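Asker: I'd like to ask you about the structure that follows.
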Amino acid sequence: MKKLSKRERTRITVMHAAKGLFEKHGLDNVTFHDIAEASGVCRTTVFNHFSDTNELMIALTEQEVCETLSYVSESDFRGIEIAGKTFEKLIEDASLYPVLTGKLINNAILTGGDDNPVRKIEELVLTGLKETYPEEEAKKLFLLISGAYYGLINHYHVNNKSFDAEEMKKEFRDLLSVILK
């Protein structure tokens with residue numbers, strides 16, 4: 001594994017602190033000063049990495065997507081299994097930061113652009129589905145599967161359910177089995 005530079009380690013520390021603070025206090029209630037204090041760095045250091053909260057949110061989303069893509073690409077998952085494991089990994093992460101995850105996803109979707117991190121997840125899952133299904137059917141299945149993921153996350157939020165990763169993954173697998181019948 002590649003050794004991270006001091007700058008990269010600091011960036012990760014800042015991002016980790018920001019995630020915890022955003023989840024606990026909400027995006028609008030956290031300043032770069034708060035993030036700096038929680039990270040053990042000065043506020044200028046936070047600004048050296050991120051010019052504003054939006055840039056930080058994009059970086060958090062990209063980090064999440066990169067971790068998910070690495071998890072799947074470093075495995076032996078094939079076909080439909082790629083879809084299930086990708087969304088299970090996203091569920092695990094959502095269980096740690098349920099409020100922030102929803103905001104990050106919405107921000108990434110609304111930001112758009114060709115390098116949209118959510119699009120990378122879609123491409124990964126579609127690649128797996130196309131190993132088993134014709135392209136048009138794979139596209140429809142992706143919409144149903146991603147809808148199940150978003151629906152599950154929303155269901156937990158709306159009903160104030162505890163974001164238990166194992167329970168959520170079980171529910172997602174049940175939904176996936178219905179979709180793929």
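Identifiers for the structure tokens are assigned positionally: chains receive A, B, ... in sequence, residues are indexed from 1 per chain, and ligands are indexed from 1 in the order shown.
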Could you give me, as number ranges by chain, the residues within 9 Å of Val30 in chain A, counting only C-alpha atoms and dropping anything in the same chain fewer than 5 positions from it?
Answerer: A: 18, 21-22, 25, 35
Asker: Can you tell me which residues surround Ile109 in chain A at a distance of at most 10 Å, considering only C-alpha atoms, apart from same-chain residues fewer than 5 positions away, and format the answer as a list in words?
Answerer: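 Skipping anything fewer than 5 positions along the chain leaves Lys103, Leu104, Asn116, Pro117, Val118 and Arg119 of chain A.
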Asker: Could you write out, as a VMD selection string, all the residues of chain A that DSSP marks as alpha helix (DSSP H)?
Answerer: chain A and resid 6 to 25 32 to 39 43 to 49 53 to 73 80 to 96 98 to 111 117 to 130 135 to 158 165 to 179
Asker: Considering only C-alpha atoms, return as a list in words whatever protein or nucleic-acid residues lie within 12 Å of Met168 in chain A, sequence-local ones (same chain, fewer than 6 positions apart) excluded.
Answerer: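 What passes the distance filter is Phe87, Glu88, Lys89, Leu90, Ile91, Glu92, Asp93, Ala94, Ser95, Pro98, Ala148, Tyr149, Tyr150, Gly151, Leu152, Ile153, Asn154, His155, Tyr156, Lys161, Ser162, Asp174 and Leu175 of chain A.
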Asker: Output N, CA and C atoms for every residue in the selection just made, as an mmCIF file, in the first residue's frame.
Answerer:
data_model
loop_
_atom_site.group_PDB
_atom_site.id
_atom_site.type_symbol
_atom_site.label_atom_id
_atom_site.label_comp_id
_atom_site.auth_asym_id
_atom_site.auth_seq_id
_atom_site.Cartn_x
_atom_site.Cartn_y
_atom_site.Cartn_z
ATOM 1 N N PHE A 87 -24.008 -1.799 -3.276
ATOM 2 C CA PHE A 87 -25.001 -1.128 -2.454
ATOM 3 C C PHE A 87 -24.898 -1.541 -0.987
ATOM 4 N N GLU A 88 -24.455 -2.759 -0.704
ATOM 5 C CA GLU A 88 -24.226 -3.153 0.688
ATOM 6 C C GLU A 88 -23.126 -2.300 1.311
ATOM 7 N N LYS A 89 -22.081 -2.010 0.540
ATOM 8 C CA LYS A 89 -20.996 -1.147 1.029
ATOM 9 C C LYS A 89 -21.530 0.261 1.280
ATOM 10 N N LEU A 90 -22.355 0.758 0.388
ATOM 11 C CA LEU A 90 -22.951 2.083 0.586
ATOM 12 C C LEU A 90 -23.860 2.095 1.819
ATOM 13 N N ILE A 91 -24.559 0.996 2.059
ATOM 14 C CA ILE A 91 -25.417 0.886 3.247
ATOM 15 C C ILE A 91 -24.568 0.923 4.513
ATOM 16 N N GLU A 92 -23.446 0.209 4.511
ATOM 17 C CA GLU A 92 -22.552 0.231 5.674
ATOM 18 C C GLU A 92 -22.133 1.662 5.991
ATOM 19 N N ASP A 93 -21.757 2.397 4.974
ATOM 20 C CA ASP A 93 -21.318 3.775 5.172
ATOM 21 C C ASP A 93 -22.473 4.669 5.612
ATOM 22 N N ALA A 94 -23.648 4.441 5.041
ATOM 23 C CA ALA A 94 -24.823 5.229 5.423
ATOM 24 C C ALA A 94 -25.191 4.975 6.880
ATOM 25 N N SER A 95 -24.941 3.768 7.360
ATOM 26 C CA SER A 95 -25.282 3.469 8.751
ATOM 27 C C SER A 95 -24.395 4.246 9.725
ATOM 28 N N PRO A 98 -25.818 8.540 8.692
ATOM 29 C CA PRO A 98 -27.080 8.518 7.942
ATOM 30 C C PRO A 98 -27.552 9.863 7.415
ATOM 31 N N ALA A 148 -34.370 0.965 -4.837
ATOM 32 C CA ALA A 148 -34.521 0.196 -3.598
ATOM 33 C C ALA A 148 -33.569 0.724 -2.531
ATOM 34 N N TYR A 149 -32.332 1.033 -2.941
ATOM 35 C CA TYR A 149 -31.349 1.575 -1.991
ATOM 36 C C TYR A 149 -31.835 2.912 -1.430
ATOM 37 N N TYR A 150 -32.177 3.850 -2.321
ATOM 38 C CA TYR A 150 -32.629 5.160 -1.865
ATOM 39 C C TYR A 150 -33.916 5.052 -1.051
ATOM 40 N N GLY A 151 -34.798 4.176 -1.493
ATOM 41 C CA GLY A 151 -36.046 3.964 -0.762
ATOM 42 C C GLY A 151 -35.799 3.432 0.640
ATOM 43 N N LEU A 152 -34.857 2.513 0.765
ATOM 44 C CA LEU A 152 -34.527 1.942 2.071
ATOM 45 C C LEU A 152 -33.958 3.019 2.997
ATOM 46 N N ILE A 153 -33.034 3.822 2.468
ATOM 47 C CA ILE A 153 -32.450 4.904 3.265
ATOM 48 C C ILE A 153 -33.556 5.874 3.707
ATOM 49 N N ASN A 154 -34.411 6.266 2.770
ATOM 50 C CA ASN A 154 -35.505 7.188 3.097
ATOM 51 C C ASN A 154 -36.462 6.571 4.117
ATOM 52 N N HIS A 155 -36.760 5.285 3.961
ATOM 53 C CA HIS A 155 -37.655 4.583 4.881
ATOM 54 C C HIS A 155 -37.108 4.652 6.309
ATOM 55 N N TYR A 156 -35.820 4.437 6.463
ATOM 56 C CA TYR A 156 -35.220 4.494 7.789
ATOM 57 C C TYR A 156 -35.281 5.908 8.364
ATOM 58 N N LYS A 161 -35.890 5.016 12.236
ATOM 59 C CA LYS A 161 -35.328 3.716 12.582
ATOM 60 C C LYS A 161 -33.820 3.854 12.769
ATOM 61 N N SER A 162 -33.289 3.048 13.637
ATOM 62 C CA SER A 162 -31.851 3.020 13.862
ATOM 63 C C SER A 162 -31.166 2.454 12.621
ATOM 64 N N ASP A 174 -33.246 -8.746 0.497
ATOM 65 C CA ASP A 174 -34.618 -9.192 0.258
ATOM 66 C C ASP A 174 -35.238 -8.419 -0.917
ATOM 67 N N LEU A 175 -35.033 -7.101 -0.931
ATOM 68 C CA LEU A 175 -35.535 -6.290 -2.040
ATOM 69 C C LEU A 175 -34.886 -6.692 -3.358
#
Asker: Calculated over only C-alpha atoms, which of the candidates A:Ile145, A:Ile105, A:Ala38, A:Ala165 has the smallest distance to Val178 in chain A?
Answerer: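 Distance minimum relative to Val178 in chain A lands on A:Ile145.
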Asker: Pick from A:Leu141, A:Ala108, A:Arg173, A:Val125: nearest to Ala59 in chain A, with only C-alpha atoms counted?
Answerer: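 Using only C-alpha atoms, Ala59 in chain A sits closest to A:Ala108.
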Asker: Using only C-alpha atoms, which residue out of A:Leu56, A:Ile80, A:Leu27, A:Ile12 lies closest to Thr132 in chain A?
Answerer: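 Among the listed residues, the smallest separation from Thr132 in chain A belongs to A:Ile80.
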Asker: Go through A:Phe32, A:Glu37, A:Asp76, A:Val99 one by one, measure the shortest atom-to-atom distance of each to His157 in chain A using only C-alpha atoms, and give the residue with the smallest value.
Answerer: A:Val99
